[in-house]
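This is run-v9.txt (compact mmCIF, C-alpha atoms).
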```txt
# COMPACT_ATOMS: atom_id res chain seq x y z
CA MET A 128 0.00 0.00 0.00
CA SER A 129 1.16 3.50 -0.78
CA GLU A 130 2.03 5.56 2.28
CA GLY A 131 0.70 9.03 2.91
CA LEU A 132 -1.77 8.92 0.03
CA ILE A 133 -4.29 11.73 -0.43
CA ILE A 134 -7.31 10.88 -2.58
CA ALA A 135 -9.70 13.73 -3.43
CA MET A 136 -13.04 12.74 -4.94
CA TRP A 137 -14.81 15.56 -6.79
CA SER A 138 -18.55 15.25 -7.42
CA ALA A 139 -21.73 17.10 -8.18
CA PRO A 140 -24.31 16.95 -5.38
CA ARG A 141 -26.87 14.12 -5.22
CA ASN A 142 -24.53 11.49 -6.54
CA ILE A 143 -23.24 8.48 -4.57
CA SER A 144 -20.47 10.58 -3.00
CA THR A 145 -21.55 9.95 0.60
CA ALA A 146 -21.85 6.22 -0.04
CA MET A 147 -18.33 6.40 -1.47
CA MET A 148 -17.18 8.11 1.72
CA ARG A 149 -18.81 5.32 3.76
CA SER A 150 -17.05 2.77 1.58
CA TRP A 151 -13.58 4.25 1.96
CA GLU A 152 -14.04 4.85 5.69
CA ASN A 153 -14.79 1.15 6.09
CA ARG A 154 -11.18 0.38 5.17
CA SER A 155 -8.92 -0.03 8.19
CA ASP A 156 -6.19 2.10 6.58
CA THR A 157 -8.29 5.14 5.63
CA VAL A 158 -9.53 8.33 7.28
CA VAL A 159 -12.11 10.56 5.59
CA ILE A 160 -13.28 14.15 5.56
CA ASP A 161 -16.68 15.42 4.41
CA GLU A 162 -16.92 18.50 2.14
CA PRO A 163 -14.25 20.63 3.85
CA TYR A 164 -14.93 23.78 1.76
CA TYR A 165 -18.70 23.80 2.43
CA ALA A 166 -18.64 26.36 5.27
CA ASN A 167 -16.50 28.72 3.20
CA TYR A 168 -18.88 28.35 0.25
CA LEU A 169 -21.91 29.32 2.32
CA HIS A 170 -20.08 32.10 4.18
CA VAL A 171 -18.85 33.75 0.98
CA THR A 172 -21.91 33.31 -1.25
CA GLY A 173 -24.67 33.79 1.33
CA ILE A 174 -26.66 31.25 -0.65
CA ASP A 175 -29.79 29.88 1.01
CA HIS A 176 -29.03 26.23 1.77
CA PRO A 177 -30.73 24.04 4.38
CA MET A 178 -28.97 24.47 7.75
CA ALA A 179 -26.72 27.17 6.29
CA GLN A 180 -25.97 29.05 9.52
CA GLU A 181 -25.36 25.85 11.47
CA ILE A 182 -22.91 24.69 8.80
CA ILE A 183 -21.07 28.02 8.88
CA ASP A 184 -20.93 28.05 12.68
CA SER A 185 -19.64 24.49 12.94
CA GLY A 186 -17.14 24.64 10.07
CA ASP A 187 -14.03 26.52 8.97
CA THR A 188 -14.87 29.49 6.74
CA ASP A 189 -11.21 30.29 5.97
CA TRP A 190 -10.31 28.41 2.78
CA ARG A 191 -6.59 28.87 3.47
CA SER A 192 -6.70 27.03 6.77
CA VAL A 193 -8.94 24.38 5.22
CA THR A 194 -6.40 23.88 2.45
CA ALA A 195 -3.54 23.70 4.94
CA ALA A 196 -5.38 20.96 6.85
CA ILE A 197 -6.32 18.80 3.88
CA THR A 198 -2.96 18.97 2.12
CA GLN A 199 -1.12 17.26 4.97
CA PRO A 200 -0.72 13.59 3.99
CA PRO A 201 -1.04 10.98 6.73
CA ALA A 202 2.17 9.37 8.02
CA ASN A 203 0.84 6.17 6.52
CA GLY A 204 -2.41 5.00 5.04
CA ILE A 205 -4.97 6.94 3.04
CA PHE A 206 -6.67 10.30 3.49
CA PHE A 207 -9.93 10.25 1.48
CA GLN A 208 -11.60 13.59 0.83
CA LYS A 209 -15.17 14.01 -0.39
CA HIS A 210 -15.55 17.30 -2.26
CA ILE A 211 -18.60 18.86 -3.95
CA CYS A 212 -17.53 20.88 -6.98
CA THR A 213 -19.97 23.73 -6.38
CA HIS A 214 -17.75 24.67 -3.42
CA ASN A 215 -14.79 25.36 -5.76
CA LEU A 216 -15.19 29.14 -5.71
CA PRO A 217 -12.85 31.27 -7.86
CA HIS A 218 -10.98 32.72 -4.89
CA ILE A 219 -9.82 29.27 -3.72
CA ASP A 220 -6.38 28.26 -4.95
CA LEU A 221 -6.74 24.64 -6.03
CA THR A 222 -3.29 24.16 -7.54
CA TRP A 223 -2.57 21.83 -4.62
CA VAL A 224 -4.65 19.12 -6.30
CA ASN A 225 -2.09 18.80 -9.11
CA GLY A 226 0.19 16.62 -7.00
CA ILE A 227 -2.37 14.25 -5.45
CA SER A 228 -4.66 11.47 -6.66
CA ASN A 229 -7.93 12.88 -8.01
CA VAL A 230 -11.09 10.91 -8.72
CA PHE A 231 -13.98 12.58 -10.54
CA LEU A 232 -17.38 11.09 -9.70
CA ILE A 233 -20.03 11.86 -12.32
CA ARG A 234 -23.73 11.20 -12.83
CA ASP A 235 -26.17 12.04 -15.61
CA PRO A 236 -27.43 15.58 -14.89
CA HIS A 237 -31.09 14.61 -15.45
CA LEU A 238 -30.85 12.20 -12.52
CA VAL A 239 -28.99 14.71 -10.39
CA VAL A 240 -31.57 17.42 -11.03
CA ALA A 241 -34.43 15.12 -10.06
CA SER A 242 -32.70 14.08 -6.83
CA TYR A 243 -31.63 17.62 -5.96
CA ALA A 244 -35.12 19.02 -6.51
CA ALA A 245 -36.51 16.54 -3.99
CA LYS A 246 -34.35 18.15 -1.29
CA ARG A 247 -34.23 21.78 -2.45
CA GLU A 248 -37.02 23.08 -4.65
CA GLU A 249 -35.11 25.72 -6.61
CA CYS A 250 -32.33 24.48 -8.89
CA VAL A 251 -30.09 26.22 -11.42
CA ALA A 252 -27.02 24.89 -13.21
CA SER A 253 -24.63 26.66 -10.84
CA ASP A 254 -26.11 24.61 -7.96
CA LEU A 255 -24.74 21.46 -9.57
CA GLY A 256 -21.20 22.55 -10.42
CA TYR A 257 -20.63 20.57 -13.62
CA ASP A 258 -18.76 23.52 -15.14
CA LEU A 259 -16.49 23.72 -12.09
CA GLN A 260 -15.95 19.96 -12.16
CA LYS A 261 -14.94 20.18 -15.83
CA ALA A 262 -12.62 23.13 -15.12
CA LEU A 263 -10.82 21.22 -12.38
CA PHE A 264 -10.69 18.09 -14.55
CA ASP A 265 -9.01 20.14 -17.31
CA GLN A 266 -6.56 21.59 -14.80
CA VAL A 267 -5.50 18.15 -13.60
CA ILE A 268 -5.13 16.81 -17.13
CA ASN A 269 -3.16 19.83 -18.33
CA CYS A 270 -0.73 19.81 -15.41
CA GLY A 271 0.35 16.32 -16.48
CA VAL A 272 1.46 15.17 -13.01
CA LYS A 273 -1.12 12.44 -12.35
CA LYS A 274 -3.93 11.44 -14.68
CA PRO A 275 -7.41 12.01 -13.23
CA LEU A 276 -9.57 8.95 -12.70
CA VAL A 277 -13.27 9.03 -13.53
CA ILE A 278 -16.13 7.00 -12.07
CA ASP A 279 -19.53 7.22 -13.71
CA SER A 280 -21.98 6.21 -10.98
CA ALA A 281 -24.25 4.27 -13.36
CA LEU A 282 -21.35 2.15 -14.63
CA PHE A 283 -19.98 1.79 -11.11
CA LEU A 284 -23.26 0.52 -9.65
CA ASP A 285 -23.44 -2.16 -12.33
CA ASN A 286 -20.34 -3.78 -10.84
CA PRO A 287 -18.78 -2.04 -7.80
CA HIS A 288 -16.32 -4.89 -7.19
CA GLU A 289 -14.82 -4.66 -10.66
CA GLN A 290 -14.80 -0.87 -10.73
CA PHE A 291 -13.11 -0.66 -7.32
CA THR A 292 -10.56 -3.28 -8.35
CA ILE A 293 -9.59 -1.21 -11.38
CA LEU A 294 -9.61 2.04 -9.40
CA CYS A 295 -7.38 0.62 -6.66
CA GLU A 296 -4.94 -0.72 -9.26
CA GLU A 297 -4.75 2.74 -10.80
CA LEU A 298 -4.16 4.26 -7.35
CA ASP A 299 -1.49 1.63 -6.55
CA ILE A 300 -3.28 0.40 -3.44
CA ARG A 301 -4.81 -2.94 -2.56
CA PHE A 302 -8.50 -3.50 -3.09
CA ASP A 303 -10.30 -4.24 0.18
CA GLU A 304 -13.57 -6.22 0.23
CA ALA A 305 -14.62 -4.04 3.17
CA MET A 306 -15.29 -1.26 0.66
CA LEU A 307 -18.38 -3.06 -0.63
CA SER A 308 -20.46 -2.90 2.56
CA TRP A 309 -20.68 -0.92 5.79
CA PRO A 310 -22.85 -0.69 8.92
CA ALA A 311 -26.02 1.40 8.68
CA GLY A 312 -26.22 4.71 10.51
CA ALA A 313 -24.61 8.14 10.68
CA ARG A 314 -20.89 8.71 11.32
CA ASP A 315 -18.97 11.14 13.50
CA THR A 316 -17.12 12.15 10.33
CA ASP A 317 -20.35 13.30 8.62
CA GLY A 318 -20.84 17.01 8.24
CA VAL A 319 -23.64 18.50 10.34
CA TRP A 320 -25.65 18.80 7.11
CA GLY A 321 -26.03 15.03 7.14
CA LYS A 322 -29.14 15.51 9.27
CA HIS A 323 -30.85 16.98 6.20
CA TRP A 324 -29.19 15.22 3.27
CA TYR A 325 -28.10 11.75 4.41
CA ASN A 326 -31.39 10.02 5.28
CA ALA A 327 -31.06 7.40 2.54
CA VAL A 328 -27.36 6.69 2.91
CA ASN A 329 -27.75 6.30 6.67
CA LYS A 330 -30.12 3.39 5.97
CA SER A 331 -27.78 1.80 3.46
CA THR A 332 -25.33 -1.01 4.05
CA GLY A 333 -23.84 -1.20 0.57
CA PHE A 334 -24.16 -0.12 -3.05
CA LYS A 335 -27.37 -0.83 -4.95
CA LYS A 336 -28.21 -0.41 -8.59
CA GLN A 337 -30.27 2.66 -9.34
CA ASN A 338 -32.94 3.32 -11.92
CA THR A 339 -31.17 5.21 -14.68
CA ALA A 340 -34.30 5.91 -16.73
CA TYR A 341 -34.78 9.62 -17.22
CA PRO A 342 -37.22 10.96 -14.60
CA ALA A 343 -40.11 13.28 -15.29
CA LEU A 344 -38.76 16.82 -15.04
CA SER A 345 -40.39 20.19 -15.43
CA GLU A 346 -39.36 22.23 -18.42
CA ALA A 347 -37.18 24.44 -16.23
CA GLN A 348 -35.50 21.41 -14.65
CA ARG A 349 -34.91 19.83 -18.04
CA ARG A 350 -33.18 23.01 -19.23
CA VAL A 351 -30.89 22.92 -16.19
CA ALA A 352 -29.96 19.29 -16.93
CA GLU A 353 -29.33 19.98 -20.61
CA GLU A 354 -27.10 22.93 -19.71
CA CYS A 355 -24.85 20.53 -17.80
CA MET A 356 -24.75 17.70 -20.35
CA ALA A 357 -21.76 18.83 -22.42
CA ASP A 358 -19.44 18.99 -19.40
CA TYR A 359 -20.75 15.63 -18.16
CA GLU A 360 -20.26 13.94 -21.54
CA THR A 361 -16.71 15.28 -21.88
CA ILE A 362 -15.62 13.82 -18.53
CA LYS A 363 -17.61 10.61 -19.10
CA ALA A 364 -15.38 9.75 -22.05
CA TYR A 365 -12.61 9.03 -19.51
CA ALA A 366 -14.74 6.86 -17.20
CA ILE A 367 -13.52 3.49 -15.94
CA ARG A 368 -15.29 0.76 -17.86
CA HIS A 369 -15.68 -2.99 -17.40
```

Show me this structure written as structure tokens.
Amino acid sequence: MSEGLIIAMWSAPRNISTAMMRSWENRSDTVVIDEPYYANYLHVTGIDHPMAQEIIDSGDTDWRSVTAAITQPPANGIFFQKHICTHNLPHIDLTWVNGISNVFLIRDPHLVVASYAAKREECVASDLGYDLQKALFDQVINCGVKKPLVIDSALFLDNPHEQFTILCEELDIRFDEAMLSWPAGARDTDGVWGKHWYNAVNKSTGFKKQNTAYPALSEAQRRVAEECMADYETIKAYAIRH
């Protein structure tokens, strides 16, 4: 196993990112962190999110100190970071990601919009961060230090064992069967926002296939999804396949 490995997973909201965090935390050699830039995002933008003030009060709103904390590799083992790309505001210097292992987690925007709307009624493309995900993906590719790895959630859920085996090989770490299941319930490592967003994942004990048929969307929601499709399709071309 590689020592002192930082893995940052970059996702849109309403993907399987929290299940992925559960999965990695179930390894005996891994510690995790949940959306470290979220408090800064809410503090700077003033956007109306569920539990916004509680998230700001409980988190670190200084992106510099957040960055300092998450760029320190462990003495041994793995530091897994779950990031939501909407939090990648322009003032945050993300050049630190060029030297670590980056995994981009993607999902069809139509499915993301439907899931997001169930938790927060209003939805625009900037709430989903596909453009920011694509910008960071381009940055990592262009720096040429480490190739970015891409997981499409639909492909992943068809065969998590195979996808994880390939991913771990690419990361030069051993695959651990413990990644495929975990105990139900919340975690101390969950952000405080888990009380609003993590109902389903807290009931889960492993990965399950999801219905990938396009859901019924309003015209406004469909426009949001279509606005994100080009960035999604570009990254999807690099996705791990069977």

Have a look at A:Ala343, A:Ala135, A:Ala202, A:Ala311 and name the one nearest to Leu263 (chain A); count all atoms listed in the file.
A:Ala135

Spatial neighbours of region 321-337 of chain A, max dist 9 Å, all atoms listed in the file, sep filter under 4 positions, as JSON, numbers by chain
{"A": [141, 143, 145, 146, 147, 149, 150, 177, 178, 246, 281, 283, 284, 285, 286, 287, 306, 307, 308, 309, 310, 311, 312, 313, 314, 317]}

Closest of A:Asp279, A:Val319, A:Asp235, A:Thr292 to Glu353 (chain A) - atom-to-atom distances counting only C-alpha atoms:
A:Asp235

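We find CA of Tyr341 (chain A) and CA of Tyr243 (chain A) to be spaced 14.2 Å apart.
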
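Of note, CA of Asp175 (chain A) and CA of Arg247 (chain A) are spaced 9.9 Å apart.
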
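CA of Ile197 (chain A) sits 27.5 Å away from CA of Ala252 (chain A).
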
Let me make sure I understand: among A:Leu221, A:Ile362, A:Leu169, A:Ala305, which one has the smallest atom-to-atom distance to Thr194 (chain A) if we use only C-alpha atoms?
A:Leu221

Write out as a ChimeraX atom specification the residues lying within 8 Å of Gly131 (chain A), counting only C-alpha atoms and excluding same-chain residues fewer than 5 positions away.
/A:200-206

Each residue of region 181-228 of chain A with at least one atom at most 10 Å from region 152-167 of chain A should appear once, together with its nearest atom pair and the corresponding distance in Å (one decimal); atoms considered: all atoms listed in the file; ordering: chain, then increasing residue number; output as JSON lines.
```
{"residue": "A:Glu181", "atom": "CA", "partner": "A:Ala166", "partner_atom": "CA", "distance": 9.2}
{"residue": "A:Ile182", "atom": "CA", "partner": "A:Ala166", "partner_atom": "CA", "distance": 5.8}
{"residue": "A:Ile183", "atom": "CA", "partner": "A:Ala166", "partner_atom": "CA", "distance": 4.7}
{"residue": "A:Asp184", "atom": "CA", "partner": "A:Ala166", "partner_atom": "CA", "distance": 7.9}
{"residue": "A:Ser185", "atom": "CA", "partner": "A:Ala166", "partner_atom": "CA", "distance": 8.0}
{"residue": "A:Gly186", "atom": "CA", "partner": "A:Ala166", "partner_atom": "CA", "distance": 5.3}
{"residue": "A:Asp187", "atom": "CA", "partner": "A:Ala166", "partner_atom": "CA", "distance": 5.9}
{"residue": "A:Thr188", "atom": "CA", "partner": "A:Asn167", "partner_atom": "CA", "distance": 4.0}
{"residue": "A:Asp189", "atom": "CA", "partner": "A:Asn167", "partner_atom": "CA", "distance": 6.2}
{"residue": "A:Trp190", "atom": "CA", "partner": "A:Asn167", "partner_atom": "CA", "distance": 6.2}
{"residue": "A:Arg191", "atom": "CA", "partner": "A:Asn167", "partner_atom": "CA", "distance": 9.9}
{"residue": "A:Val193", "atom": "CA", "partner": "A:Pro163", "partner_atom": "CA", "distance": 6.6}
{"residue": "A:Thr194", "atom": "CA", "partner": "A:Tyr164", "partner_atom": "CA", "distance": 8.6}
{"residue": "A:Ala196", "atom": "CA", "partner": "A:Pro163", "partner_atom": "CA", "distance": 9.4}
{"residue": "A:Ile197", "atom": "CA", "partner": "A:Pro163", "partner_atom": "CA", "distance": 8.1}
{"residue": "A:Pro201", "atom": "CA", "partner": "A:Val158", "partner_atom": "CA", "distance": 8.9}
{"residue": "A:Asn203", "atom": "CA", "partner": "A:Asp156", "partner_atom": "CA", "distance": 8.1}
{"residue": "A:Gly204", "atom": "CA", "partner": "A:Asp156", "partner_atom": "CA", "distance": 5.0}
{"residue": "A:Ile205", "atom": "CA", "partner": "A:Thr157", "partner_atom": "CA", "distance": 4.6}
{"residue": "A:Phe206", "atom": "CA", "partner": "A:Val158", "partner_atom": "CA", "distance": 5.1}
{"residue": "A:Phe207", "atom": "CA", "partner": "A:Val159", "partner_atom": "CA", "distance": 4.7}
{"residue": "A:Gln208", "atom": "CA", "partner": "A:Ile160", "partner_atom": "CA", "distance": 5.1}
{"residue": "A:Lys209", "atom": "CA", "partner": "A:Asp161", "partner_atom": "CA", "distance": 5.2}
{"residue": "A:His210", "atom": "CA", "partner": "A:Glu162", "partner_atom": "CA", "distance": 4.8}
{"residue": "A:Ile211", "atom": "CA", "partner": "A:Glu162", "partner_atom": "CA", "distance": 6.3}
{"residue": "A:Cys212", "atom": "CA", "partner": "A:Glu162", "partner_atom": "CA", "distance": 9.4}
{"residue": "A:Thr213", "atom": "CA", "partner": "A:Tyr165", "partner_atom": "CA", "distance": 8.9}
{"residue": "A:His214", "atom": "CA", "partner": "A:Tyr164", "partner_atom": "CA", "distance": 6.0}
{"residue": "A:Asn215", "atom": "CA", "partner": "A:Tyr164", "partner_atom": "CA", "distance": 7.7}
{"residue": "A:Leu216", "atom": "CA", "partner": "A:Asn167", "partner_atom": "CA", "distance": 9.0}
{"residue": "A:Ile219", "atom": "CA", "partner": "A:Tyr164", "partner_atom": "CA", "distance": 9.3}
```

Per residue of region 217-242 of chain A within 10 Å of region 354-361 of chain A, what are the shortest atom pair and its distance in Å to one decimal, counting all atoms listed in the file, with rows by chain and residue number, as CSV?
```
residue,atom,partner,partner_atom,distance
A:Ile233,CA,A:Tyr359,CA,7.0
A:Arg234,CA,A:Tyr359,CA,7.5
A:Asp235,CA,A:Tyr359,CA,7.0
A:Pro236,CA,A:Cys355,CA,6.3
A:His237,CA,A:Met356,CA,8.6
```

Do you know which residues are at most 12 Å from Gly226 (chain A) counting all atoms listed in the file, after dropping those on the same chain fewer than 4 positions away, and could you put them as a PyMOL selection string?
chain A and resi 132-135+198+200+221-222+266-268+270-275

Expected residue set, 12 Å radius at (-29.3, 24.9, -7.6), all atoms listed in the file, as a count of residues only
32

Can you fill out region 197-223 of chain A with N, CA and C atoms and hand it back as a short mmCIF file (atom, residue, chain, number, x, y, z; two decimals), in the frame of the given file?
```cif
data_model
loop_
_atom_site.label_atom_id
_atom_site.label_comp_id
_atom_site.auth_asym_id
_atom_site.auth_seq_id
_atom_site.Cartn_x
_atom_site.Cartn_y
_atom_site.Cartn_z
N ILE A 197 -6.05 19.96 4.74
CA ILE A 197 -6.32 18.80 3.88
C ILE A 197 -5.16 18.47 2.94
N THR A 198 -4.12 19.28 2.96
CA THR A 198 -2.96 18.97 2.12
C THR A 198 -1.84 18.31 2.91
N GLN A 199 -2.11 17.97 4.16
CA GLN A 199 -1.12 17.26 4.97
C GLN A 199 -1.37 15.75 4.84
N PRO A 200 -0.50 15.02 4.14
CA PRO A 200 -0.72 13.59 3.99
C PRO A 200 -0.53 12.86 5.31
N PRO A 201 -1.23 11.76 5.52
CA PRO A 201 -1.04 10.98 6.73
C PRO A 201 0.35 10.34 6.74
N ALA A 202 0.86 10.02 7.92
CA ALA A 202 2.17 9.37 8.02
C ALA A 202 2.16 8.05 7.27
N ASN A 203 1.03 7.38 7.31
CA ASN A 203 0.84 6.17 6.52
C ASN A 203 -0.65 6.02 6.27
N GLY A 204 -1.01 5.19 5.35
CA GLY A 204 -2.41 5.00 5.04
C GLY A 204 -2.95 6.02 4.06
N ILE A 205 -4.27 6.18 4.07
CA ILE A 205 -4.97 6.94 3.04
C ILE A 205 -5.84 8.01 3.69
N PHE A 206 -5.81 9.20 3.09
CA PHE A 206 -6.67 10.30 3.49
C PHE A 206 -7.64 10.53 2.34
N PHE A 207 -8.91 10.12 2.52
CA PHE A 207 -9.93 10.25 1.48
C PHE A 207 -10.77 11.50 1.73
N GLN A 208 -10.87 12.33 0.71
CA GLN A 208 -11.60 13.59 0.83
C GLN A 208 -12.79 13.61 -0.13
N LYS A 209 -13.96 13.85 0.43
CA LYS A 209 -15.17 14.01 -0.39
C LYS A 209 -15.40 15.51 -0.64
N HIS A 210 -15.36 15.90 -1.89
CA HIS A 210 -15.55 17.30 -2.26
C HIS A 210 -16.76 17.44 -3.19
N ILE A 211 -17.52 18.51 -3.03
CA ILE A 211 -18.60 18.86 -3.95
C ILE A 211 -18.12 20.05 -4.78
N CYS A 212 -18.19 19.91 -6.10
CA CYS A 212 -17.53 20.88 -6.98
C CYS A 212 -18.14 22.27 -6.93
N THR A 213 -19.39 22.40 -6.51
CA THR A 213 -19.97 23.73 -6.38
C THR A 213 -19.22 24.58 -5.36
N HIS A 214 -18.49 23.94 -4.46
CA HIS A 214 -17.75 24.67 -3.42
C HIS A 214 -16.43 25.23 -3.94
N ASN A 215 -16.06 24.92 -5.19
CA ASN A 215 -14.79 25.36 -5.76
C ASN A 215 -14.90 26.80 -6.26
N LEU A 216 -15.02 27.74 -5.34
CA LEU A 216 -15.19 29.14 -5.71
C LEU A 216 -13.91 29.71 -6.30
N PRO A 217 -14.02 30.75 -7.14
CA PRO A 217 -12.85 31.27 -7.86
C PRO A 217 -11.72 31.75 -6.97
N HIS A 218 -12.03 32.19 -5.75
CA HIS A 218 -10.98 32.72 -4.89
C HIS A 218 -10.13 31.63 -4.25
N ILE A 219 -10.55 30.37 -4.35
CA ILE A 219 -9.82 29.27 -3.72
C ILE A 219 -8.72 28.78 -4.66
N ASP A 220 -7.51 28.76 -4.18
CA ASP A 220 -6.38 28.26 -4.95
C ASP A 220 -6.37 26.74 -4.88
N LEU A 221 -6.67 26.09 -5.99
CA LEU A 221 -6.74 24.64 -6.03
C LEU A 221 -5.54 24.01 -6.75
N THR A 222 -4.46 24.76 -6.89
CA THR A 222 -3.29 24.16 -7.54
C THR A 222 -2.72 23.00 -6.73
N TRP A 223 -3.07 22.92 -5.44
CA TRP A 223 -2.57 21.83 -4.62
C TRP A 223 -3.03 20.46 -5.13
#
```
